[in-house]
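S.K.: So I've got this file, query.txt, and it contains compact mmCIF, C-alpha atoms and all ligand atoms:
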```
# COMPACT_ATOMS: atom_id res chain seq x y z
CA MET B 1 -82.75 -66.71 77.77
CA THR B 2 -83.28 -69.41 80.39
CA ARG B 3 -85.40 -72.25 79.12
CA ASP B 4 -87.69 -74.38 81.21
CA LEU B 5 -86.87 -77.90 80.09
CA THR B 6 -89.25 -79.60 82.51
CA ILE B 7 -91.33 -82.27 80.80
CA THR B 8 -95.02 -81.38 80.97
CA GLU B 9 -96.49 -83.95 78.61
CA VAL B 10 -95.52 -87.14 76.78
CA ARG B 11 -97.57 -88.30 73.80
CA LEU B 12 -97.43 -91.87 72.54
CA THR B 13 -98.86 -92.62 69.13
CA PRO B 14 -98.87 -96.22 67.89
CA ILE B 15 -99.17 -96.44 64.12
CA LEU B 16 -99.26 -99.04 61.37
CA VAL B 17 -97.03 -98.32 58.36
CA ALA B 18 -97.17 -99.97 54.95
CA ASP B 19 -94.50 -102.59 54.30
CA PRO B 20 -93.87 -104.56 51.09
CA PRO B 21 -93.82 -108.39 51.06
CA LEU B 22 -90.14 -108.74 51.97
CA LEU B 23 -89.09 -112.32 52.61
CA ASN B 24 -86.81 -113.55 55.35
CA THR B 25 -86.10 -116.91 56.91
CA GLN B 26 -89.03 -116.58 59.34
CA GLY B 27 -91.64 -115.71 56.74
CA VAL B 28 -92.68 -112.48 55.09
CA HIS B 29 -93.32 -108.95 56.24
CA GLN B 30 -96.92 -108.05 57.08
CA PRO B 31 -98.61 -105.51 54.78
CA TYR B 32 -98.58 -103.07 57.70
CA THR B 33 -96.14 -103.05 60.58
CA PRO B 34 -96.39 -101.41 64.02
CA ARG B 35 -94.21 -98.49 65.14
CA LEU B 36 -94.50 -96.18 68.12
CA ILE B 37 -93.94 -92.42 67.87
CA VAL B 38 -92.94 -90.69 71.12
CA GLU B 39 -93.30 -86.93 71.69
CA VAL B 40 -91.83 -85.33 74.80
CA VAL B 41 -93.10 -81.78 75.42
CA THR B 42 -91.35 -79.26 77.70
CA ALA B 43 -92.77 -76.43 79.81
CA ASP B 44 -91.80 -73.83 77.26
CA GLY B 45 -93.32 -75.71 74.37
CA VAL B 46 -90.42 -77.59 72.79
CA THR B 47 -91.36 -81.06 71.46
CA GLY B 48 -88.76 -83.82 71.04
CA LEU B 49 -89.40 -86.86 68.83
CA GLY B 50 -88.50 -90.54 69.21
CA GLU B 51 -89.51 -93.76 67.48
CA THR B 52 -89.35 -97.45 68.36
CA TYR B 53 -91.07 -100.82 67.91
CA GLY B 54 -94.82 -100.51 68.27
CA ASP B 55 -95.78 -104.09 69.16
CA THR B 56 -98.03 -104.53 72.22
CA GLU B 57 -95.25 -105.54 74.63
CA TYR B 58 -93.37 -102.31 73.85
CA LEU B 59 -96.52 -100.22 74.21
CA GLU B 60 -97.28 -101.79 77.56
CA LEU B 61 -93.91 -100.61 78.87
CA ALA B 62 -93.99 -97.23 77.15
CA ARG B 63 -97.28 -96.18 78.75
CA PRO B 64 -96.17 -96.24 82.43
CA LEU B 65 -92.83 -94.73 81.42
CA ALA B 66 -94.61 -91.84 79.68
CA GLU B 67 -96.76 -91.26 82.75
CA SER B 68 -93.71 -91.09 85.03
CA LEU B 69 -91.88 -88.40 83.03
CA PRO B 70 -93.79 -85.13 83.65
CA GLY B 71 -91.89 -83.09 86.22
CA ARG B 72 -88.47 -84.42 85.11
CA SER B 73 -86.13 -82.46 82.87
CA VAL B 74 -85.26 -83.50 79.32
CA MET B 75 -81.65 -82.93 80.43
CA ASP B 76 -81.86 -85.84 82.92
CA VAL B 77 -81.25 -88.56 80.38
CA ASN B 78 -79.12 -90.71 82.72
CA SER B 79 -81.91 -90.92 85.27
CA LEU B 80 -84.29 -92.21 82.57
CA PHE B 81 -82.43 -95.49 82.67
CA GLY B 82 -82.95 -95.76 86.45
CA ILE B 83 -86.73 -95.59 86.20
CA ASP B 84 -88.28 -98.74 87.55
CA LEU B 85 -89.90 -100.27 84.50
CA ALA B 86 -91.21 -103.67 85.42
CA VAL B 87 -91.19 -106.13 82.53
CA ASP B 88 -93.52 -109.09 82.76
CA GLU B 89 -90.81 -111.79 82.65
CA SER B 90 -93.33 -114.44 81.64
CA ARG B 91 -93.65 -112.61 78.31
CA VAL B 92 -89.98 -112.76 77.43
CA GLY B 93 -87.83 -115.64 78.75
CA GLU B 94 -84.88 -116.83 76.73
CA ALA B 95 -86.68 -117.20 73.43
CA VAL B 96 -85.63 -115.15 70.43
CA ASP B 97 -87.61 -111.96 69.81
CA ALA B 98 -91.00 -112.05 68.16
CA GLY B 99 -89.62 -111.32 64.71
CA GLY B 100 -86.95 -113.96 65.42
CA LEU B 101 -84.33 -111.79 63.78
CA ARG B 102 -82.74 -109.75 66.52
CA GLY B 103 -81.24 -112.40 68.78
CA VAL B 104 -82.18 -113.20 72.34
CA GLN B 105 -85.26 -111.63 73.81
CA SER B 106 -84.67 -110.53 77.39
CA ALA B 107 -86.47 -108.26 79.80
CA GLY B 108 -83.49 -105.90 79.80
CA LYS B 109 -83.44 -105.65 76.03
CA LEU B 110 -87.17 -105.00 75.87
CA ARG B 111 -86.77 -102.25 78.45
CA LEU B 112 -83.89 -100.64 76.54
CA SER B 113 -85.85 -100.83 73.29
CA VAL B 114 -88.54 -98.66 74.87
CA LEU B 115 -86.22 -96.33 76.79
CA SER B 116 -84.23 -95.61 73.64
CA ALA B 117 -87.17 -93.80 72.02
CA PHE B 118 -87.51 -91.58 75.08
CA GLU B 119 -83.75 -90.92 75.14
CA VAL B 120 -83.86 -89.85 71.48
CA ALA B 121 -86.92 -87.65 72.14
CA CYS B 122 -85.14 -85.98 75.10
CA LEU B 123 -82.01 -85.38 73.00
CA ASP B 124 -84.15 -83.93 70.20
CA ALA B 125 -85.87 -81.62 72.70
CA GLN B 126 -82.52 -80.59 74.23
CA GLY B 127 -81.13 -79.80 70.80
CA ARG B 128 -84.17 -77.78 69.74
CA ALA B 129 -84.10 -75.83 73.02
CA LEU B 130 -80.36 -75.16 72.92
CA GLY B 131 -80.12 -74.57 69.17
CA LEU B 132 -77.75 -77.52 68.72
CA PRO B 133 -77.98 -80.59 66.46
CA VAL B 134 -78.14 -83.94 68.24
CA HIS B 135 -74.69 -84.89 66.97
CA ALA B 136 -73.28 -81.85 68.84
CA LEU B 137 -74.90 -83.11 72.06
CA LEU B 138 -73.08 -86.40 71.49
CA GLY B 139 -69.71 -84.67 71.20
CA GLY B 140 -69.85 -83.56 67.60
CA LYS B 141 -69.80 -85.16 64.19
CA VAL B 142 -66.62 -86.63 62.74
CA ARG B 143 -68.16 -86.92 59.25
CA ASP B 144 -70.67 -84.88 57.24
CA ARG B 145 -72.34 -87.82 55.50
CA VAL B 146 -73.28 -91.25 56.74
CA GLU B 147 -73.16 -94.03 54.19
CA TYR B 148 -75.90 -96.63 53.95
CA SER B 149 -76.00 -99.86 51.99
CA ALA B 150 -78.78 -100.99 49.67
CA TYR B 151 -80.83 -103.52 51.62
CA LEU B 152 -81.88 -106.17 49.08
CA PHE B 153 -84.69 -108.59 49.79
CA TYR B 154 -86.19 -111.51 48.00
CA LYS B 155 -89.76 -110.41 47.59
CA TRP B 156 -93.04 -111.22 45.95
CA ALA B 157 -94.63 -108.83 43.47
CA GLY B 158 -97.36 -108.16 46.00
CA HIS B 159 -98.89 -109.36 49.25
CA PRO B 160 -101.01 -112.51 48.87
CA ALA B 161 -104.33 -112.15 47.04
CA GLY B 162 -107.09 -111.01 49.35
CA VAL B 163 -104.72 -109.40 51.88
CA PRO B 164 -105.38 -105.64 52.01
CA ALA B 165 -102.15 -103.79 51.22
CA GLU B 166 -100.78 -100.63 49.62
CA PRO B 167 -99.70 -100.76 45.96
CA ASP B 168 -96.15 -102.09 45.56
CA PRO B 169 -94.14 -100.54 42.72
CA TRP B 170 -91.06 -102.75 43.23
CA GLY B 171 -92.04 -105.98 41.52
CA ALA B 172 -90.84 -109.45 42.42
CA ALA B 173 -87.25 -110.51 43.18
CA LEU B 174 -87.07 -114.28 43.51
CA ASP B 175 -83.92 -115.22 41.60
CA PRO B 176 -80.46 -113.76 40.81
CA ALA B 177 -81.77 -111.64 37.92
CA GLY B 178 -84.53 -110.22 40.13
CA VAL B 179 -82.05 -109.43 42.90
CA VAL B 180 -79.71 -107.65 40.50
CA ALA B 181 -82.61 -105.67 39.01
CA GLN B 182 -83.66 -104.61 42.50
CA ALA B 183 -80.07 -103.61 43.33
CA ARG B 184 -79.89 -101.48 40.17
CA GLU B 185 -83.17 -99.80 41.04
CA LEU B 186 -81.98 -98.98 44.57
CA ARG B 187 -78.64 -97.78 43.22
CA ASP B 188 -80.33 -95.60 40.59
CA ARG B 189 -82.79 -94.09 43.06
CA HIS B 190 -80.46 -93.54 46.00
CA GLY B 191 -76.88 -93.96 44.79
CA PHE B 192 -76.00 -96.89 47.06
CA THR B 193 -72.60 -98.40 46.42
CA SER B 194 -72.69 -101.37 48.79
CA PHE B 195 -75.31 -104.09 48.85
CA LYS B 196 -76.68 -106.45 51.47
CA LEU B 197 -78.87 -109.40 50.52
CA LYS B 198 -81.26 -110.75 53.11
CA GLY B 199 -80.79 -114.48 52.78
CA GLY B 200 -82.01 -117.60 54.57
CA VAL B 201 -84.98 -117.64 52.21
CA PHE B 202 -83.89 -120.11 49.53
CA PRO B 203 -81.44 -123.03 49.65
CA PRO B 204 -77.88 -121.66 49.99
CA ASP B 205 -76.85 -122.49 46.41
CA GLU B 206 -79.52 -120.12 45.08
CA GLU B 207 -78.33 -117.35 47.38
CA ILE B 208 -74.70 -118.00 46.40
CA ALA B 209 -75.79 -117.58 42.77
CA ALA B 210 -77.50 -114.29 43.64
CA VAL B 211 -74.34 -112.93 45.32
CA ARG B 212 -72.25 -114.02 42.33
CA ALA B 213 -74.67 -112.21 40.02
CA LEU B 214 -74.37 -109.08 42.18
CA ALA B 215 -70.58 -109.30 42.08
CA GLU B 216 -70.70 -109.52 38.30
CA ALA B 217 -73.12 -106.60 38.01
CA PHE B 218 -71.28 -104.40 40.53
CA PRO B 219 -67.62 -105.39 40.37
CA GLY B 220 -65.57 -104.27 43.36
CA HIS B 221 -68.58 -103.10 45.38
CA PRO B 222 -68.92 -104.31 48.99
CA LEU B 223 -71.43 -107.19 49.25
CA ARG B 224 -72.98 -108.87 52.28
CA LEU B 225 -75.23 -111.85 52.79
CA ASP B 226 -77.38 -112.30 55.92
CA PRO B 227 -79.37 -115.54 56.36
CA ASN B 228 -80.30 -114.71 59.99
CA GLY B 229 -78.75 -117.87 61.40
CA ALA B 230 -80.49 -120.24 58.99
CA TRP B 231 -77.41 -122.36 58.29
CA SER B 232 -75.48 -125.04 60.14
CA VAL B 233 -71.77 -124.53 60.79
CA ALA B 234 -70.93 -126.84 57.88
CA THR B 235 -73.22 -124.96 55.48
CA SER B 236 -71.85 -121.62 56.68
CA LEU B 237 -68.30 -122.79 55.99
CA LYS B 238 -69.30 -124.07 52.57
CA VAL B 239 -70.90 -120.75 51.63
CA ALA B 240 -67.94 -118.80 53.03
CA GLY B 241 -65.63 -121.01 50.99
CA GLU B 242 -67.58 -120.49 47.80
CA LEU B 243 -68.09 -116.75 48.12
CA GLY B 244 -64.70 -116.05 49.66
CA ASP B 245 -63.36 -112.69 48.58
CA LEU B 246 -66.66 -111.53 47.11
CA LEU B 247 -68.01 -110.74 50.57
CA GLU B 248 -67.27 -107.69 52.71
CA TYR B 249 -68.74 -109.81 55.49
CA LEU B 250 -71.07 -112.70 56.12
CA GLU B 251 -73.79 -111.75 58.60
CA ASP B 252 -75.11 -114.23 61.18
CA PRO B 253 -74.66 -117.33 59.01
CA THR B 254 -75.44 -119.53 62.02
CA LEU B 255 -77.06 -119.12 65.42
CA GLY B 256 -75.28 -118.51 68.71
CA THR B 257 -71.77 -117.55 69.72
CA PRO B 258 -70.29 -121.08 69.91
CA ALA B 259 -71.40 -121.88 66.36
CA MET B 260 -70.31 -118.46 65.07
CA ALA B 261 -66.90 -119.01 66.73
CA GLU B 262 -66.57 -122.32 64.90
CA VAL B 263 -67.37 -120.69 61.57
CA SER B 264 -65.04 -117.81 62.32
CA ALA B 265 -62.19 -120.22 63.08
CA GLY B 266 -62.72 -121.96 59.74
CA THR B 267 -62.87 -119.02 57.37
CA GLY B 268 -61.09 -115.78 56.60
CA VAL B 269 -64.41 -114.11 55.69
CA PRO B 270 -65.29 -111.57 58.42
CA LEU B 271 -68.47 -112.39 60.34
CA ALA B 272 -70.94 -109.69 61.37
CA THR B 273 -73.84 -109.99 63.79
CA ASN B 274 -77.03 -108.44 64.99
CA MET B 275 -78.10 -111.73 66.55
CA CYS B 276 -75.41 -113.13 68.84
CA VAL B 277 -74.18 -109.80 70.24
CA THR B 278 -77.26 -107.74 71.03
CA THR B 279 -76.70 -107.05 74.75
CA LEU B 280 -73.71 -106.09 76.90
CA GLY B 281 -73.80 -109.52 78.54
CA GLU B 282 -73.10 -111.26 75.23
CA ILE B 283 -69.97 -109.28 74.42
CA ARG B 284 -67.35 -111.01 76.53
CA GLU B 285 -67.84 -114.53 75.18
CA ALA B 286 -68.23 -113.41 71.57
CA PHE B 287 -65.18 -111.15 71.57
CA THR B 288 -62.85 -113.40 73.53
CA ARG B 289 -63.74 -116.32 71.25
CA ASP B 290 -63.30 -114.13 68.16
CA ALA B 291 -66.78 -115.22 67.06
CA VAL B 292 -67.54 -111.93 65.27
CA GLN B 293 -65.48 -109.27 63.58
CA VAL B 294 -68.25 -106.68 63.10
CA VAL B 295 -71.10 -105.78 65.46
CA LEU B 296 -74.18 -104.24 63.89
CA SER B 297 -75.33 -101.77 66.50
CA ASP B 298 -78.95 -100.71 66.75
CA HIS B 299 -79.80 -97.78 68.99
CA HIS B 300 -83.31 -99.12 69.51
CA TYR B 301 -82.33 -102.20 71.47
CA TRP B 302 -78.90 -101.07 72.70
CA GLY B 303 -80.68 -98.32 74.64
CA GLY B 304 -80.24 -95.13 72.67
CA LEU B 305 -77.63 -92.97 71.04
CA ARG B 306 -75.23 -92.58 73.93
CA ARG B 307 -75.17 -96.31 74.60
CA THR B 308 -74.52 -96.90 70.92
CA ARG B 309 -71.40 -94.79 71.28
CA GLU B 310 -70.40 -96.78 74.36
CA LEU B 311 -70.85 -100.01 72.40
CA ALA B 312 -68.67 -98.60 69.63
CA ALA B 313 -65.95 -97.79 72.18
CA VAL B 314 -66.02 -101.35 73.56
CA CYS B 315 -65.84 -102.77 70.03
CA SER B 316 -62.92 -100.52 69.23
CA ALA B 317 -61.05 -101.69 72.35
CA PHE B 318 -61.37 -105.28 71.10
CA GLY B 319 -60.54 -104.45 67.49
CA VAL B 320 -64.08 -105.39 66.44
CA GLY B 321 -65.67 -103.29 63.67
CA VAL B 322 -69.01 -101.51 63.97
CA SER B 323 -71.84 -100.98 61.56
CA MET B 324 -75.57 -100.56 61.99
CA HIS B 325 -78.53 -102.91 61.87
CA SER B 326 -81.99 -101.91 60.75
CA ASN B 327 -85.52 -103.14 61.07
CA THR B 328 -88.48 -101.47 59.43
CA HIS B 329 -88.25 -97.85 60.61
CA LEU B 330 -89.29 -94.34 59.68
CA GLY B 331 -87.49 -91.03 59.31
CA ILE B 332 -87.25 -90.15 63.01
CA SER B 333 -85.14 -93.26 63.56
CA LEU B 334 -83.15 -92.69 60.37
CA ALA B 335 -82.31 -89.19 61.62
CA ALA B 336 -81.29 -90.61 65.02
CA MET B 337 -79.17 -93.33 63.36
CA THR B 338 -77.48 -90.73 61.18
CA HIS B 339 -76.66 -88.39 64.07
CA VAL B 340 -75.08 -91.11 66.18
CA ALA B 341 -73.27 -92.71 63.23
CA ALA B 342 -71.82 -89.29 62.43
CA THR B 343 -70.13 -89.22 65.84
CA VAL B 344 -68.58 -92.72 65.83
CA PRO B 345 -64.96 -92.50 64.62
CA ASP B 346 -64.50 -96.22 63.93
CA LEU B 347 -67.42 -96.79 61.60
CA HIS B 348 -65.86 -98.68 58.74
CA HIS B 349 -68.93 -100.12 57.00
CA ALA B 350 -72.02 -98.57 55.41
CA CYS B 351 -75.04 -98.86 57.74
CA ASP B 352 -78.20 -100.86 57.01
CA SER B 353 -81.51 -99.09 56.55
CA HIS B 354 -84.96 -100.33 55.59
CA TYR B 355 -86.07 -96.75 54.90
CA PRO B 356 -86.11 -97.05 51.08
CA TRP B 357 -88.81 -99.73 51.49
CA GLN B 358 -91.08 -97.42 53.46
CA SER B 359 -93.44 -95.50 51.17
CA GLU B 360 -95.02 -93.80 54.18
CA ASP B 361 -93.48 -91.58 56.85
CA VAL B 362 -94.58 -89.23 59.60
CA LEU B 363 -92.21 -86.43 58.55
CA THR B 364 -93.14 -83.30 56.63
CA GLU B 365 -90.12 -83.97 54.42
CA ARG B 366 -88.62 -87.39 53.72
CA ILE B 367 -84.93 -87.88 54.38
CA ALA B 368 -83.00 -88.26 51.13
CA PHE B 369 -80.10 -90.56 50.30
CA THR B 370 -77.67 -88.97 47.89
CA GLY B 371 -74.77 -91.01 46.61
CA GLY B 372 -75.95 -93.70 49.05
CA ALA B 373 -75.48 -91.41 52.05
CA VAL B 374 -77.53 -89.17 54.30
CA GLU B 375 -76.19 -85.67 54.92
CA VAL B 376 -75.73 -85.06 58.64
CA SER B 377 -78.16 -82.30 59.62
CA ASP B 378 -76.89 -79.25 61.53
CA THR B 379 -80.44 -78.08 62.25
CA PRO B 380 -81.23 -78.03 66.00
CA GLY B 381 -82.33 -81.40 67.39
CA LEU B 382 -82.73 -84.31 64.98
CA GLY B 383 -83.56 -81.86 62.18
CA VAL B 384 -86.91 -83.43 61.29
CA GLU B 385 -90.52 -82.21 61.62
CA LEU B 386 -93.63 -84.24 62.35
CA ASP B 387 -96.46 -84.33 59.82
CA ARG B 388 -99.40 -84.45 62.20
CA ASP B 389 -101.98 -85.28 59.53
CA GLU B 390 -99.97 -88.29 58.43
CA LEU B 391 -99.36 -89.34 62.03
CA ALA B 392 -103.11 -89.18 62.66
CA ARG B 393 -103.87 -91.17 59.48
CA LEU B 394 -101.42 -93.94 60.35
CA HIS B 395 -102.71 -93.99 63.92
CA ARG B 396 -106.29 -94.39 62.66
CA ARG B 397 -105.11 -97.41 60.71
CA TRP B 398 -103.69 -98.85 63.96
CA ALA B 399 -106.88 -98.00 65.89
CA ASP B 400 -109.06 -99.60 63.20
CA ASP B 401 -107.02 -102.84 63.17
CA ASP B 402 -108.66 -105.69 65.04
CA GLY B 403 -105.32 -106.65 66.59
CA THR B 404 -104.17 -108.88 63.73
CA LEU B 405 -101.41 -106.51 62.65
CA ARG B 406 -100.51 -104.83 65.93
CA ASP B 407 -97.78 -107.38 66.65
CA ARG B 408 -95.29 -108.19 63.94
CA ASP B 409 -95.53 -111.85 63.01
CA ASP B 410 -93.73 -112.79 59.80
CA ALA B 411 -94.75 -116.45 60.08
CA ALA B 412 -98.44 -115.56 60.39
CA ALA B 413 -98.12 -113.25 57.36
CA MET B 414 -96.57 -116.16 55.43
CA ARG B 415 -99.54 -118.39 56.23
CA ALA B 416 -101.74 -116.13 54.09
CA ALA B 417 -99.86 -117.64 51.13
CA GLU B 418 -98.76 -120.98 52.57
CA PRO B 419 -101.32 -122.13 55.16
CA ASP B 420 -99.03 -124.86 56.54
CA TRP B 421 -96.08 -122.52 57.13
CA ARG B 422 -94.52 -122.77 60.59
CA THR B 423 -91.54 -120.78 61.89
CA PRO B 424 -88.67 -122.91 60.59
CA VAL B 425 -86.55 -124.95 62.96
CA MET B 426 -82.94 -123.73 62.77
CA PRO B 427 -80.63 -124.53 61.15
CA ARG B 428 -82.81 -124.85 58.05
CA TRP B 429 -79.90 -125.86 55.86
O1 LIG X 501 -80.72 -109.44 60.68
C1 LIG X 501 -81.07 -108.37 60.28
O2 LIG X 501 -80.30 -107.64 59.68
C2 LIG X 501 -82.44 -107.99 60.58
O3 LIG X 501 -82.97 -108.48 61.49
C3 LIG X 501 -83.09 -106.98 59.76
C4 LIG X 501 -84.59 -107.14 59.61
O4 LIG X 501 -85.21 -107.73 60.67
C5 LIG X 501 -84.96 -107.90 58.38
O5 LIG X 501 -84.38 -109.13 58.35
C6 LIG X 501 -86.44 -108.00 58.25
O6 LIG X 501 -87.13 -107.12 58.74
O7 LIG X 501 -86.87 -108.94 57.58
MG MG X 502 -78.74 -109.29 60.30
```
Any chance you could give the structure as structure tokens?
Ligand SMILES: O=C([O-])C(=O)C[C@H](O)[C@@H](O)C(=O)[O-]
Ligand SMILES: [Mg+2]
M.R.:
Amino acid sequence: MTRDLTITEVRLTPILVADPPLLNTQGVHQPYTPRLIVEVVTADGVTGLGETYGDTEYLELARPLAESLPGRSVMDVNSLFGIDLAVDESRVGEAVDAGGLRGVQSAGKLRLSVLSAFEVACLDAQGRALGLPVHALLGGKVRDRVEYSAYLFYKWAGHPAGVPAEPDPWGAALDPAGVVAQARELRDRHGFTSFKLKGGVFPPDEEIAAVRALAEAFPGHPLRLDPNGAWSVATSLKVAGELGDLLEYLEDPTLGTPAMAEVSAGTGVPLATNMCVTTLGEIREAFTRDAVQVVLSDHHYWGGLRRTRELAAVCSAFGVGVSMHSNTHLGISLAAMTHVAATVPDLHHACDSHYPWQSEDVLTERIAFTGGAVEVSDTPGLGVELDRDELARLHRRWADDDGTLRDRDDAAAMRAAEPDWRTPVMPRW
């Protein structure tokens, strides 16, 4: 049967999803965080799904892009990237991104972060129409399960008093014992065997103690520490020296390629990044200076699943390892991450995922981790279905918000507890 894969409609649904009070060096997560759900509908009624950041600047780009798609085919993914998508340069500049945790903010990166959701939606629609899973459209899976690591956060027991929020069953984790208890809980629920601690929250000695406690509780398991660039070169070297062999890698101990190169030259601990290599333009300097040994890809800002594979090929050519970065995301993105990760031969580290922290999703069935991994789906497309009632509920929450929560701002969320809090000047330590 010939299918008509012409796009007839694109639906954009911004939502706010519940998020626990997870701490990072910039502040704390808001009680609700914005995401954007993209639906691309074809002439013969197939709907493909995508998901990306839902902050205003992403929505402003997604709207004209959505309007320009009807009449194109979901097969024309390459031409998506040629669509003229003007970014208001005054909104971006050379500053770091709004969350401050994903490296440089550039017009190109913003554009790719929006396009990626449409690419994923087109691939999902292609797969559903052709009866093929997305991994098959990417050349086929080379593994049946994709491993994820437990993403540990220092956290409060709840959002600050008076801040409306969903109930939080996780409890506080503010010291080594709390971090180990959280790791056990994540291991027991999902079977994770490697652990990443989000650092840059407390003075380095406290975070060193937490990693030591994890090593004692989980001997031989891969451990990572990620302070999001909160340390100076000297502090980074001191931490690397103290934690030495306990770490699988140290993630973005310090900011910028020159500083990372200095740390790299002074330690045998591998360095990973989702902050100094986040665009093609940053690769040459970082790789030729041996500043990083592992790049944490992220299909959202690298521009989709096919570009993630291209990134992996470049990394492989330079002998640089690949793993995957995660921000707060829902099941559509977890499915997309899993499909692409299944096709990357040189994936030597478990991927990051925030998904266990998300109590809400827009899928009819949540994606499960078993033994710390997600089974790669062979169902056509991404293999997930939209729960329209839940999508509508989370959209109503977005529509009812007065604008306070529509843009992620971890420093503003922190001020609800510490009114004088300002985004810290880096390096903090
Ligand atoms: O550096 C990283 O791995 C991240 O940026 C992940 C997330 O942004 C995480 O730090 C967060 O959301 O607090
Ligand atoms: Mg990181």
S.K.: What residues have any atom no more than 7 Å from ligand LIG 501 (chain X) when counting only C-alpha atoms and all ligand atoms, and can you list them as an mmCIF file with C-alpha atoms, in the coordinates of the input?
M.R.:
```
data_model
loop_
_atom_site.group_PDB
_atom_site.id
_atom_site.type_symbol
_atom_site.label_atom_id
_atom_site.label_comp_id
_atom_site.auth_asym_id
_atom_site.auth_seq_id
_atom_site.Cartn_x
_atom_site.Cartn_y
_atom_site.Cartn_z
ATOM 1 C CA LEU B 22 -90.140 -108.740 51.970
ATOM 2 C CA LEU B 23 -89.090 -112.320 52.610
ATOM 3 C CA ASN B 24 -86.810 -113.550 55.350
ATOM 4 C CA HIS B 29 -93.320 -108.950 56.240
ATOM 5 C CA GLY B 99 -89.620 -111.320 64.710
ATOM 6 C CA LEU B 101 -84.330 -111.790 63.780
ATOM 7 C CA ARG B 102 -82.740 -109.750 66.520
ATOM 8 C CA LYS B 198 -81.260 -110.750 53.110
ATOM 9 C CA ASP B 226 -77.380 -112.300 55.920
ATOM 10 C CA ASN B 228 -80.300 -114.710 59.990
ATOM 11 C CA ASN B 274 -77.030 -108.440 64.990
ATOM 12 C CA MET B 275 -78.100 -111.730 66.550
ATOM 13 C CA HIS B 325 -78.530 -102.910 61.870
ATOM 14 C CA SER B 326 -81.990 -101.910 60.750
ATOM 15 C CA ASN B 327 -85.520 -103.140 61.070
ATOM 16 C CA THR B 328 -88.480 -101.470 59.430
#
```
S.K.: Please give the centre and size of the box around range 40-59 of chain B (axis-aligned, containing every atom listed in the file, 5 Å added per side), with values in Å to one decimal and written as AutoDock Vina command-line options.
M.R.:
```
--center_x -93.3 --center_y -89.7 --center_z 73.6 --size_x 19.5 --size_y 41.7 --size_z 22.3
```
S.K.: Find the residues of chain B that sit at most 12 Å from ligand MG 502 (chain X); for each, write down the nearest two atoms and how far apart they are in Å, to one decimal. Count only C-alpha atoms and all ligand atoms. Sort by chain, then by number going up, and give it as a tab-separated table.
M.R.:
```
residue	atom	partner	partner_atom	distance
B:Asn24	CA	X:MG502	MG	10.4
B:Thr25	CA	X:MG502	MG	11.1
B:Gly99	CA	X:MG502	MG	11.9
B:Gly100	CA	X:MG502	MG	10.7
B:Leu101	CA	X:MG502	MG	7.0
B:Arg102	CA	X:MG502	MG	7.4
B:Gly103	CA	X:MG502	MG	9.4
B:Tyr151	CA	X:MG502	MG	10.6
B:Lys196	CA	X:MG502	MG	9.5
B:Leu197	CA	X:MG502	MG	9.8
B:Lys198	CA	X:MG502	MG	7.8
B:Gly199	CA	X:MG502	MG	9.4
B:Gly200	CA	X:MG502	MG	10.6
B:Arg224	CA	X:MG502	MG	9.9
B:Leu225	CA	X:MG502	MG	8.7
B:Asp226	CA	X:MG502	MG	5.5
B:Pro227	CA	X:MG502	MG	7.4
B:Asn228	CA	X:MG502	MG	5.6
B:Gly229	CA	X:MG502	MG	8.7
B:Ala230	CA	X:MG502	MG	11.2
B:Tyr249	CA	X:MG502	MG	11.1
B:Leu250	CA	X:MG502	MG	9.4
B:Glu251	CA	X:MG502	MG	5.8
B:Asp252	CA	X:MG502	MG	6.2
B:Pro253	CA	X:MG502	MG	9.1
B:Thr254	CA	X:MG502	MG	10.9
B:Leu255	CA	X:MG502	MG	11.2
B:Leu271	CA	X:MG502	MG	10.7
B:Ala272	CA	X:MG502	MG	7.9
B:Thr273	CA	X:MG502	MG	6.1
B:Asn274	CA	X:MG502	MG	5.1
B:Met275	CA	X:MG502	MG	6.7
B:Cys276	CA	X:MG502	MG	9.9
B:Val277	CA	X:MG502	MG	10.9
B:Thr278	CA	X:MG502	MG	10.9
B:Val294	CA	X:MG502	MG	11.2
B:Val295	CA	X:MG502	MG	9.9
B:Leu296	CA	X:MG502	MG	7.7
B:Ser297	CA	X:MG502	MG	10.3
B:Asp298	CA	X:MG502	MG	10.7
B:Ser323	CA	X:MG502	MG	10.9
B:Met324	CA	X:MG502	MG	9.4
B:His325	CA	X:MG502	MG	6.6
B:Ser326	CA	X:MG502	MG	8.1
B:Asn327	CA	X:MG502	MG	9.2
B:Cys351	CA	X:MG502	MG	11.4
B:Asp352	CA	X:MG502	MG	9.1
B:Ser353	CA	X:MG502	MG	11.2
B:His354	CA	X:MG502	MG	11.9
```
S.K.: Residues within 10 Å of range 237-245 of chain B, please, as number ranges by chain. Count only C-alpha atoms; anything in the same chain fewer than 5 positions from it doesn't count.
M.R.: B: 204-205, 207-209, 211-212, 215, 223, 225, 231-232, 250, 253-254, 262-271
S.K.: Between B:Ser68, B:Arg428, B:His348, B:Leu130, which one has atoms that come closest to Ser236 in chain B, using only C-alpha atoms?
M.R.: B:Arg428
S.K.: B:Val41, B:Leu59, B:Ala350, B:Leu334: which is nearest Phe192 in chain B, counting all atoms listed in the file?
M.R.: B:Ala350
S.K.: At a cut-off of 12 Å, using only C-alpha atoms, what residues contact Val77 in chain B? Leave out same-chain residues fewer than 2 positions from it and give the result as a PyMOL selection string.
M.R.: chain B and resi 7+69+72-75+79-83+115-126+137+303-307
S.K.: I'd like to know which of B:Leu311, B:Val28, B:Leu112, B:Val142 is closest to His159 in chain B, using only C-alpha atoms.
M.R.: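 Among B:Leu311, B:Val28, B:Leu112, B:Val142, it is B:Val28 that comes nearest to His159 in chain B.
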